[in-house]
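S.K.: Structure provided below as structure tokens; questions to follow.
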Amino acid sequence: MFHVGGARSALFNWALAQQQPEGRFVLRIEDTDAARNKPEWTEGIISALAWLGISEADPHFEGPYFQSAYADEHIRTAERLYSGGQAYYCACTRDQVAERRGNPHLGYDGFCRDRGLEPGPGRALRFRVPDGGPTVVEDRIRGRVEFEHDNIEDFVIARADGSPLFVLANVVDDVEMGVNEVIRGEEHLSNTPKQQLLWEALGQTPPVWAPLPVIVNEKRQKLSKRRDKVALESYQDEGYLPEAMVNYLMLLGWSPGEDREIMPWEQMQPLFDISDVNSSSAFFDEKKLRAFNGEYIRALDADDFVERCRPYLAPDRAPWPASNFDEKAFRAVAPLAQSRIAVLGEIVPNVDFLFLDEPVFDEKSWNKAMKPGVGEEMLSASLERFGDPGQVWEAEALKTALEEVGQAQGLKLGKAQAPVRVAVTGRTVGLPLFESLELLGRDRVRARLEAALERLRADQAREQADAPAE
RNA sequence: GCCCCCAUCGUCUAGUGGCCUAGGACGCCGCCCUUUCAAGGCGGUAACGCCGGUUCGAAUCCGGUUGGGGGUACCA
């Protein structure tokens, strides 16, 4: 599963990488265990990135990398820091530290700092944070952020079993890969001075940091996998277009500074500047994403639209019998649906009546359209009218016909069409009716009108039976 | 608790001392169009958290305050 927050970071990185001929987008999977144990997990990220247009085939793309690729170097670096005196072994347990400090929330107290402990069982390696003075982080989004060393505890860089911690592994990887610009979530900001200290201890020039403000939910909390809908895959599945997703994500915390917000990647990418990114957190507004997606869908040309709908019409997903699908009918109706759907998945309920053996009646729609009197009158009258062999079976003529049927009942077309629509499609809302009738053909339309009429009469009979006898 | 970050319409943002009686986009609300629903057109609603400074002048600079958020592991 790929997180929308990760997707935004990736896009920002990607835009920057593409702005320079030599630019690289390095994808590093920072979760060592997951990367090692769940290859499908990283494959998911790769395919989600490819969906967004960040392809492994592109020369700007590098990765994925796993920390395990540099595992030996992690260990060597830890040893080097120890022998250089920049790190020391510590035998304290968490409980011991908490007891000494009287508060479990207070950090490490430096108990073993000058004990000169040798490596040994139960001894973790801690980084010796320099005395006094601040570490200044140059942050491309906020400017300078200062951290007093007094507030940074001597943090552990290697566990008692010798395995490196994230901070160390991360820095070693960055050094190895020549990373000079780090764009990632703001949750890492307080980790950054530690990393910078490590870079300096290793005699390296630290990279430029760009901790992106987090993406939040409606309650202004950082999006969480448990609580919020964050998986890019689920948006893809519902029928969001990657172009729309990219466009929307880029606008979260950044603005191209022009009046238009809908802008293709090619146009947006050169405009992007990481230092223009906002420093405050942004709410992921699915409604706005939907609106963007609708616009992108409408901008598709007819054939492209049909092809993009294809996955939702496939036998494994569509609710109708596969053999009922009629390519010609779908192509005829697709343009009518195109302006009516905001995500591709919605194509199905719009066209299902064409391919289902019988329409699926929406209960609310039925009750609304089949009001006493109007429903039955309209159904039987139009059944008769459509049975007239002289009736031309073409949208315009059908419209005229139904108008006349309605008039005879004293109904305007708006009211008159409702029972017919529900009888034929199952719902009160949907594609333009007369085009639908034309495509369905006289026989199927008449059969459905008849079936609805039967159902309606059965309803009424039941109601009468249920009514208390006078 | 401690450290750090943030603060303009409901939301995403424009805005870097006068062009701001604060602009755009999404949403929302009207009206028009209309066979339903959309789409489209037109119009509307709505914000500089608060208090002090600095300045001829502050959404923009400074201080404080309040409110949000993140971090604080031998997690990543």
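Residues are named by chain letter and number: chains run A, B, ... in the order of the structure tokens, numbers start at 1 in each chain, and ligands are numbered from 1 in the order shown.
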From a DSSP pass on the backbone, collect the residues of region 255-310 of chain A flagged as alpha helix (DSSP H) and hand them back as a ChimeraX atom specification.

M.R.: /A:265-268,286-299,302-310

S.K.: Selected residues, N, CA, C and O atoms, written as a tab-separated table (two decimals), in the first residue's frame, please.

M.R.:
```tsv
chain	number	residue	atom	x	y	z
A	265	TRP	N	1.02	17.81	-15.93
A	265	TRP	CA	2.32	17.65	-15.31
A	265	TRP	C	3.43	18.38	-16.08
A	265	TRP	O	4.26	19.05	-15.48
A	266	GLU	N	3.43	18.25	-17.38
A	266	GLU	CA	4.51	18.84	-18.19
A	266	GLU	C	4.60	20.34	-17.94
A	266	GLU	O	5.66	20.95	-18.02
A	267	GLN	N	3.46	20.93	-17.67
A	267	GLN	CA	3.42	22.37	-17.48
A	267	GLN	C	3.73	22.73	-16.03
A	267	GLN	O	4.31	23.77	-15.74
A	268	MET	N	3.35	21.86	-15.15
A	268	MET	CA	3.48	22.11	-13.72
A	268	MET	C	4.91	21.88	-13.25
A	268	MET	O	5.45	22.65	-12.46
A	286	GLU	N	-11.03	15.07	-0.45
A	286	GLU	CA	-11.44	14.15	-1.51
A	286	GLU	C	-12.46	14.79	-2.45
A	286	GLU	O	-12.51	14.46	-3.63
A	287	LYS	N	-13.24	15.71	-1.93
A	287	LYS	CA	-14.23	16.38	-2.79
A	287	LYS	C	-13.56	17.15	-3.91
A	287	LYS	O	-14.03	17.17	-5.04
A	288	LYS	N	-12.49	17.82	-3.55
A	288	LYS	CA	-11.79	18.60	-4.57
A	288	LYS	C	-11.11	17.67	-5.56
A	288	LYS	O	-11.11	17.93	-6.76
A	289	LEU	N	-10.55	16.59	-5.03
A	289	LEU	CA	-9.95	15.59	-5.92
A	289	LEU	C	-10.99	15.06	-6.90
A	289	LEU	O	-10.73	14.92	-8.09
A	290	ARG	N	-12.18	14.80	-6.40
A	290	ARG	CA	-13.28	14.33	-7.24
A	290	ARG	C	-13.61	15.32	-8.34
A	290	ARG	O	-13.83	14.96	-9.48
A	291	ALA	N	-13.65	16.59	-7.95
A	291	ALA	CA	-13.96	17.63	-8.93
A	291	ALA	C	-12.90	17.67	-10.03
A	291	ALA	O	-13.21	17.75	-11.21
A	292	PHE	N	-11.65	17.56	-9.60
A	292	PHE	CA	-10.55	17.54	-10.57
A	292	PHE	C	-10.70	16.34	-11.48
A	292	PHE	O	-10.53	16.41	-12.69
A	293	ASN	N	-11.02	15.20	-10.86
A	293	ASN	CA	-11.12	13.98	-11.63
A	293	ASN	C	-12.22	14.09	-12.68
A	293	ASN	O	-12.03	13.67	-13.82
A	294	GLY	N	-13.33	14.69	-12.29
A	294	GLY	CA	-14.43	14.90	-13.23
A	294	GLY	C	-13.96	15.73	-14.42
A	294	GLY	O	-14.28	15.42	-15.56
A	295	GLU	N	-13.20	16.74	-14.14
A	295	GLU	CA	-12.71	17.58	-15.23
A	295	GLU	C	-11.79	16.80	-16.16
A	295	GLU	O	-11.85	16.95	-17.38
A	296	TYR	N	-10.93	16.00	-15.55
A	296	TYR	CA	-10.01	15.22	-16.38
A	296	TYR	C	-10.78	14.18	-17.20
A	296	TYR	O	-10.44	13.91	-18.34
A	297	ILE	N	-11.83	13.63	-16.63
A	297	ILE	CA	-12.62	12.66	-17.37
A	297	ILE	C	-13.30	13.32	-18.55
A	297	ILE	O	-13.29	12.80	-19.66
A	298	ARG	N	-13.86	14.47	-18.32
A	298	ARG	CA	-14.56	15.16	-19.41
A	298	ARG	C	-13.60	15.57	-20.52
A	298	ARG	O	-13.99	15.71	-21.67
A	299	ALA	N	-12.34	15.79	-20.15
A	299	ALA	CA	-11.37	16.23	-21.15
A	299	ALA	C	-10.87	15.08	-22.02
A	299	ALA	O	-10.22	15.30	-23.04
A	302	ALA	N	-13.25	10.60	-26.86
A	302	ALA	CA	-14.23	9.53	-26.74
A	302	ALA	C	-13.59	8.14	-26.64
A	302	ALA	O	-13.95	7.35	-25.77
A	303	ASP	N	-12.64	7.86	-27.50
A	303	ASP	CA	-12.03	6.53	-27.50
A	303	ASP	C	-11.25	6.28	-26.22
A	303	ASP	O	-11.30	5.20	-25.64
A	304	ASP	N	-10.53	7.30	-25.80
A	304	ASP	CA	-9.73	7.16	-24.59
A	304	ASP	C	-10.66	6.88	-23.39
A	304	ASP	O	-10.37	6.03	-22.56
A	305	PHE	N	-11.77	7.60	-23.37
A	305	PHE	CA	-12.72	7.39	-22.29
A	305	PHE	C	-13.19	5.94	-22.26
A	305	PHE	O	-13.23	5.30	-21.21
A	306	VAL	N	-13.53	5.43	-23.41
A	306	VAL	CA	-14.00	4.04	-23.49
A	306	VAL	C	-12.93	3.09	-22.96
A	306	VAL	O	-13.21	2.19	-22.16
A	307	GLU	N	-11.69	3.32	-23.38
A	307	GLU	CA	-10.63	2.42	-22.96
A	307	GLU	C	-10.38	2.49	-21.44
A	307	GLU	O	-10.12	1.50	-20.79
A	308	ARG	N	-10.48	3.69	-20.92
A	308	ARG	CA	-10.25	3.84	-19.48
A	308	ARG	C	-11.37	3.19	-18.66
A	308	ARG	O	-11.18	2.82	-17.51
A	309	CYS	N	-12.54	3.09	-19.28
A	309	CYS	CA	-13.66	2.45	-18.57
A	309	CYS	C	-13.55	0.94	-18.61
A	309	CYS	O	-14.16	0.24	-17.79
A	310	ARG	N	-12.78	0.46	-19.54
A	310	ARG	CA	-12.70	-0.97	-19.82
A	310	ARG	C	-12.60	-1.86	-18.57
A	310	ARG	O	-13.36	-2.82	-18.43
```

S.K.: Just want the 10 Å neighbourhood of Ser275 (chain A), counted on only C-alpha atoms (C1' of nucleotides), with same-chain residues fewer than 6 positions away dropped. Output as a short mmCIF file (atom, residue, chain, number, x, y, z; two decimals) with all heavy atoms, in the first residue's frame.

M.R.:
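As a result, part23.cif now contains:
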```cif
data_model
loop_
_atom_site.label_atom_id
_atom_site.label_comp_id
_atom_site.auth_asym_id
_atom_site.auth_seq_id
_atom_site.Cartn_x
_atom_site.Cartn_y
_atom_site.Cartn_z
N ASP A 139 16.72 24.37 6.36
CA ASP A 139 15.49 23.74 5.91
C ASP A 139 14.94 24.56 4.75
O ASP A 139 14.65 25.74 4.90
CB ASP A 139 14.54 23.73 7.12
CG ASP A 139 13.14 23.27 6.80
OD1 ASP A 139 12.75 23.31 5.62
OD2 ASP A 139 12.43 22.89 7.73
N ARG A 140 14.79 23.94 3.59
CA ARG A 140 14.39 24.70 2.40
C ARG A 140 12.94 25.15 2.45
O ARG A 140 12.49 25.91 1.61
CB ARG A 140 14.60 23.86 1.15
CG ARG A 140 16.07 23.63 0.87
CD ARG A 140 16.30 23.15 -0.51
NE ARG A 140 15.97 24.16 -1.51
CZ ARG A 140 16.06 23.97 -2.81
NH1 ARG A 140 16.47 22.81 -3.26
NH2 ARG A 140 15.76 24.92 -3.65
N ILE A 141 12.21 24.67 3.41
CA ILE A 141 10.80 25.06 3.46
C ILE A 141 10.57 26.13 4.51
O ILE A 141 9.84 27.08 4.29
CB ILE A 141 9.94 23.81 3.72
CG1 ILE A 141 10.00 22.94 2.47
CG2 ILE A 141 8.50 24.20 4.05
CD1 ILE A 141 9.30 21.64 2.58
N ARG A 142 11.22 26.00 5.63
CA ARG A 142 11.01 26.94 6.73
C ARG A 142 12.15 27.93 6.93
O ARG A 142 12.00 28.92 7.61
CB ARG A 142 10.88 26.18 8.04
CG ARG A 142 9.50 25.75 8.39
CD ARG A 142 9.60 24.57 9.31
NE ARG A 142 9.92 23.41 8.50
CZ ARG A 142 9.02 22.54 8.12
NH1 ARG A 142 7.80 22.65 8.54
NH2 ARG A 142 9.33 21.55 7.33
N GLY A 143 13.32 27.61 6.39
CA GLY A 143 14.49 28.42 6.70
C GLY A 143 15.37 27.68 7.69
O GLY A 143 15.54 26.48 7.59
N ALA A 210 14.44 19.14 3.45
CA ALA A 210 13.14 19.73 3.12
C ALA A 210 12.04 18.87 3.74
O ALA A 210 11.48 18.01 3.07
CB ALA A 210 12.97 19.83 1.61
N TRP A 254 1.35 23.55 -2.23
CA TRP A 254 2.09 24.30 -3.22
C TRP A 254 1.12 24.85 -4.26
O TRP A 254 0.05 24.28 -4.47
CB TRP A 254 3.11 23.40 -3.91
CG TRP A 254 3.88 24.09 -5.01
CD1 TRP A 254 4.87 25.00 -4.85
CD2 TRP A 254 3.68 23.93 -6.42
NE1 TRP A 254 5.32 25.41 -6.09
CE2 TRP A 254 4.61 24.77 -7.07
CE3 TRP A 254 2.83 23.16 -7.20
CZ2 TRP A 254 4.70 24.87 -8.45
CZ3 TRP A 254 2.91 23.25 -8.58
CH2 TRP A 254 3.85 24.10 -9.20
#
```

S.K.: Report as JSON lines: every residue of chain A with an atom at most 8 Å from chain B, its closest pair of atoms, and their distance in Å to one decimal, counting only C-alpha atoms (C1' of nucleotides), with rows sorted by chain and ascending residue number.

M.R.:
```
{"residue": "A:Glu30", "atom": "CA", "partner": "B:A76", "partner_atom": "C1'", "distance": 6.7}
{"residue": "A:Asp31", "atom": "CA", "partner": "B:A76", "partner_atom": "C1'", "distance": 5.6}
{"residue": "A:His105", "atom": "CA", "partner": "B:U72", "partner_atom": "C1'", "distance": 7.4}
{"residue": "A:Leu106", "atom": "CA", "partner": "B:C2", "partner_atom": "C1'", "distance": 7.5}
{"residue": "A:Gly107", "atom": "CA", "partner": "B:U72", "partner_atom": "C1'", "distance": 7.7}
{"residue": "A:Ala124", "atom": "CA", "partner": "B:C74", "partner_atom": "C1'", "distance": 6.2}
{"residue": "A:Asn151", "atom": "CA", "partner": "B:C3", "partner_atom": "C1'", "distance": 6.5}
{"residue": "A:Val156", "atom": "CA", "partner": "B:C74", "partner_atom": "C1'", "distance": 6.8}
{"residue": "A:Ala158", "atom": "CA", "partner": "B:C74", "partner_atom": "C1'", "distance": 7.2}
{"residue": "A:Arg159", "atom": "CA", "partner": "B:C74", "partner_atom": "C1'", "distance": 4.5}
{"residue": "A:Ala160", "atom": "CA", "partner": "B:C74", "partner_atom": "C1'", "distance": 6.3}
{"residue": "A:Phe166", "atom": "CA", "partner": "B:A76", "partner_atom": "C1'", "distance": 6.5}
{"residue": "A:Glu186", "atom": "CA", "partner": "B:G70", "partner_atom": "C1'", "distance": 7.2}
{"residue": "A:Glu187", "atom": "CA", "partner": "B:G70", "partner_atom": "C1'", "distance": 5.5}
{"residue": "A:His188", "atom": "CA", "partner": "B:G71", "partner_atom": "C1'", "distance": 7.8}
{"residue": "A:Leu189", "atom": "CA", "partner": "B:C4", "partner_atom": "C1'", "distance": 7.6}
{"residue": "A:Ser190", "atom": "CA", "partner": "B:G71", "partner_atom": "C1'", "distance": 5.7}
{"residue": "A:Asn191", "atom": "CA", "partner": "B:G71", "partner_atom": "C1'", "distance": 7.8}
{"residue": "A:Arg220", "atom": "CA", "partner": "B:G69", "partner_atom": "C1'", "distance": 7.5}
{"residue": "A:Gln221", "atom": "CA", "partner": "B:G69", "partner_atom": "C1'", "distance": 7.0}
{"residue": "A:Lys222", "atom": "CA", "partner": "B:G69", "partner_atom": "C1'", "distance": 8.0}
{"residue": "A:Leu251", "atom": "CA", "partner": "B:C12", "partner_atom": "C1'", "distance": 7.2}
{"residue": "A:Leu252", "atom": "CA", "partner": "B:C12", "partner_atom": "C1'", "distance": 6.4}
{"residue": "A:Gly253", "atom": "CA", "partner": "B:C12", "partner_atom": "C1'", "distance": 7.6}
{"residue": "A:Trp254", "atom": "CA", "partner": "B:U13", "partner_atom": "C1'", "distance": 7.7}
{"residue": "A:Ser255", "atom": "CA", "partner": "B:U13", "partner_atom": "C1'", "distance": 6.7}
{"residue": "A:Gly257", "atom": "CA", "partner": "B:A14", "partner_atom": "C1'", "distance": 6.8}
{"residue": "A:Asp259", "atom": "CA", "partner": "B:G24", "partner_atom": "C1'", "distance": 5.6}
{"residue": "A:Arg260", "atom": "CA", "partner": "B:A25", "partner_atom": "C1'", "distance": 7.7}
{"residue": "A:Glu261", "atom": "CA", "partner": "B:A25", "partner_atom": "C1'", "distance": 6.5}
{"residue": "A:Ser279", "atom": "CA", "partner": "B:C6", "partner_atom": "C1'", "distance": 6.8}
{"residue": "A:Ser280", "atom": "CA", "partner": "B:C6", "partner_atom": "C1'", "distance": 5.1}
{"residue": "A:Ser281", "atom": "CA", "partner": "B:C6", "partner_atom": "C1'", "distance": 7.3}
{"residue": "A:Ala282", "atom": "CA", "partner": "B:C12", "partner_atom": "C1'", "distance": 7.3}
{"residue": "A:Phe283", "atom": "CA", "partner": "B:U11", "partner_atom": "C1'", "distance": 7.1}
{"residue": "A:Asp285", "atom": "CA", "partner": "B:U11", "partner_atom": "C1'", "distance": 6.7}
{"residue": "A:Lys287", "atom": "CA", "partner": "B:C26", "partner_atom": "C1'", "distance": 7.0}
{"residue": "A:Lys288", "atom": "CA", "partner": "B:C26", "partner_atom": "C1'", "distance": 4.7}
{"residue": "A:Ala291", "atom": "CA", "partner": "B:C26", "partner_atom": "C1'", "distance": 7.1}
{"residue": "A:Ser339", "atom": "CA", "partner": "B:A39", "partner_atom": "C1'", "distance": 5.4}
{"residue": "A:Arg340", "atom": "CA", "partner": "B:A38", "partner_atom": "C1'", "distance": 4.5}
{"residue": "A:Ile341", "atom": "CA", "partner": "B:A38", "partner_atom": "C1'", "distance": 7.7}
{"residue": "A:Lys399", "atom": "CA", "partner": "B:U35", "partner_atom": "C1'", "distance": 7.6}
{"residue": "A:Leu413", "atom": "CA", "partner": "B:U35", "partner_atom": "C1'", "distance": 5.8}
{"residue": "A:Gly414", "atom": "CA", "partner": "B:U35", "partner_atom": "C1'", "distance": 5.4}
{"residue": "A:Gln417", "atom": "CA", "partner": "B:U35", "partner_atom": "C1'", "distance": 6.3}
{"residue": "A:Ala418", "atom": "CA", "partner": "B:U36", "partner_atom": "C1'", "distance": 7.0}
{"residue": "A:Thr428", "atom": "CA", "partner": "B:U36", "partner_atom": "C1'", "distance": 6.1}
{"residue": "A:Val429", "atom": "CA", "partner": "B:C37", "partner_atom": "C1'", "distance": 4.9}
{"residue": "A:Gly430", "atom": "CA", "partner": "B:C37", "partner_atom": "C1'", "distance": 5.6}
{"residue": "A:Leu431", "atom": "CA", "partner": "B:C37", "partner_atom": "C1'", "distance": 7.4}
{"residue": "A:Pro432", "atom": "CA", "partner": "B:U35", "partner_atom": "C1'", "distance": 7.1}
{"residue": "A:Leu433", "atom": "CA", "partner": "B:U35", "partner_atom": "C1'", "distance": 6.8}
{"residue": "A:Phe434", "atom": "CA", "partner": "B:U35", "partner_atom": "C1'", "distance": 7.9}
```

S.K.: Find the residue from A:Leu202, A:Ala10, A:Ile45, A:Leu165 that sits nearest to Thr77 (chain A); use only C-alpha atoms when measuring.

M.R.: A:Leu202

S.K.: Using only C-alpha atoms, can you tell me which of A:Ala332, A:Cys92, A:Ala397, A:Ala461 comes closest to Arg115 (chain A)?

M.R.: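 Counting only C-alpha atoms, the residue closest to Arg115 (chain A) is A:Cys92.
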
S.K.: Which is closer to Arg24 (chain A) than all the others in A:Glu181, A:Asp161, A:Glu73, A:Asp173, using only C-alpha atoms?

M.R.: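 Of the candidates, the smallest distance to Arg24 (chain A) is held by A:Glu181.
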
S.K.: Run DSSP on the backbone and give me the residues of region 58-282 of chain A it puts in strand (DSSP E or B), as a PyMOL selection string.

M.R.: chain A and resi 61-66+87-90+124-127+134-139+143-148+156-158+164+181-185+208-212+215-216+222+231+282

S.K.: Have a look at CA of Asn180 (chain A) and CA of Pro130 (chain A) and let me know their distance in Å, one decimal.

M.R.: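 Atom-to-atom, CA of Asn180 (chain A) to CA of Pro130 (chain A), that is 23.5 Å.
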
S.K.: If you measure from CA of Glu22 (chain A) to CA of Glu62 (chain A), what distance in Å do you get, rounded to one decimal?

M.R.: 11.9 Å

S.K.: By how many Å are CA of Tyr65 (chain A) and CA of Leu27 (chain A) apart?

M.R.: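 CA of Leu27 (chain A) lies 6.3 Å from CA of Tyr65 (chain A).
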
S.K.: So, counting only C-alpha atoms (C1' of nucleotides), which residue among B:C31, B:C61, B:U66, B:U21 is closest to G49 (chain B)?

M.R.: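 Counting only C-alpha atoms (C1' of nucleotides), the residue closest to G49 (chain B) is B:U66.
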
S.K.: If we count only C-alpha atoms (C1' of nucleotides) and set the cut-off at 10 Å, which residues sit around A47 (chain B), ignoring sequence neighbours fewer than 2 positions away in its own chain? Please answer as a PyMOL selection string.

M.R.: chain B and resi 8-9+22

S.K.: I want to know what sits within 12 Å of Thr400 (chain A), based on only C-alpha atoms (C1' of nucleotides), with residues of the same chain fewer than 5 positions away left out; could you give that as a CSV table (one decimal) with N, CA, C and O atoms (P, O5', C5', C4', C3', O3' and C1' of nucleotides), in the first residue's frame?

M.R.:
```
chain,number,residue,atom,x,y,z
A,382,SER,N,-47.9,4.4,-22.2
A,382,SER,CA,-46.8,4.4,-23.0
A,382,SER,C,-46.5,3.0,-23.6
A,382,SER,O,-46.0,2.9,-24.7
A,385,ARG,N,-48.6,3.1,-26.6
A,385,ARG,CA,-48.1,4.0,-27.6
A,385,ARG,C,-46.8,3.3,-28.3
A,385,ARG,O,-46.7,3.4,-29.5
A,386,PHE,N,-46.0,2.8,-27.5
A,386,PHE,CA,-44.7,2.2,-28.0
A,386,PHE,C,-45.0,0.9,-28.8
A,386,PHE,O,-44.2,0.4,-29.5
A,391,GLN,N,-44.9,3.7,-34.7
A,391,GLN,CA,-44.0,4.5,-33.8
A,391,GLN,C,-42.5,4.4,-34.3
A,391,GLN,O,-42.0,3.3,-34.3
A,392,VAL,N,-42.0,5.5,-34.8
A,392,VAL,CA,-40.6,5.5,-35.2
A,392,VAL,C,-39.7,5.3,-34.0
A,392,VAL,O,-39.9,6.0,-33.0
A,393,TRP,N,-38.8,4.3,-34.0
A,393,TRP,CA,-38.0,4.0,-32.9
A,393,TRP,C,-36.6,4.8,-32.9
A,393,TRP,O,-35.6,4.2,-33.2
A,394,GLU,N,-36.7,6.1,-32.6
A,394,GLU,CA,-35.6,6.9,-32.7
A,394,GLU,C,-35.8,8.0,-31.6
A,394,GLU,O,-36.9,8.4,-31.3
A,395,ALA,N,-34.7,8.4,-31.0
A,395,ALA,CA,-34.8,9.3,-29.8
A,395,ALA,C,-35.8,10.4,-29.9
A,395,ALA,O,-36.7,10.6,-29.0
A,405,VAL,N,-48.1,11.4,-24.7
A,405,VAL,CA,-48.7,10.5,-23.7
A,405,VAL,C,-48.9,11.3,-22.4
A,405,VAL,O,-49.9,11.2,-21.8
A,406,GLY,N,-47.8,12.0,-22.0
A,406,GLY,CA,-47.9,12.8,-20.8
A,406,GLY,C,-49.0,13.8,-20.9
A,406,GLY,O,-49.8,14.0,-19.9
A,407,GLN,N,-49.1,14.5,-22.0
A,407,GLN,CA,-50.1,15.6,-22.1
A,407,GLN,C,-51.5,15.0,-21.9
A,407,GLN,O,-52.3,15.6,-21.2
A,412,LYS,N,-46.4,17.3,-17.5
A,412,LYS,CA,-45.3,17.7,-18.3
A,412,LYS,C,-44.3,16.6,-18.4
A,412,LYS,O,-44.3,15.6,-17.7
A,413,LEU,N,-43.4,16.8,-19.4
A,413,LEU,CA,-42.5,15.7,-19.7
A,413,LEU,C,-41.6,15.3,-18.5
A,413,LEU,O,-41.3,14.1,-18.3
A,416,ALA,N,-43.8,13.1,-16.6
A,416,ALA,CA,-44.2,11.9,-17.3
A,416,ALA,C,-43.1,10.9,-17.6
A,416,ALA,O,-43.4,9.7,-17.6
A,417,GLN,N,-41.9,11.4,-17.7
A,417,GLN,CA,-40.8,10.4,-18.0
A,417,GLN,C,-40.4,9.5,-16.8
A,417,GLN,O,-39.8,8.5,-17.0
A,434,PHE,N,-34.4,9.0,-23.8
A,434,PHE,CA,-34.8,8.6,-25.1
A,434,PHE,C,-33.7,7.9,-25.9
A,434,PHE,O,-34.0,7.0,-26.7
B,35,U,P,-36.6,19.5,-22.1
B,35,U,O5',-36.6,18.4,-21.0
B,35,U,C5',-37.9,18.0,-20.4
B,35,U,C4',-37.7,16.7,-19.8
B,35,U,C3',-36.5,16.6,-19.0
B,35,U,O3',-36.7,17.0,-17.7
B,35,U,C1',-36.8,14.7,-20.4
```

S.K.: Please provide the set of residues having any atom within 12 Å of G30 (chain B), restricted to only C-alpha atoms (C1' of nucleotides), with same-chain residues fewer than 3 positions apart removed, written as JSON, numbers by chain.

M.R.: {"B": [42, 43, 44, 45]}

S.K.: If we count only C-alpha atoms (C1' of nucleotides) and set the cut-off at 12 Å, which residues sit around Gly203 (chain A), ignoring sequence neighbours fewer than 2 positions away in its own chain? Please answer as a VMD selection string.

M.R.: chain A and resid 77 80 to 81 84 86 172 175 196 to 201 205 to 206
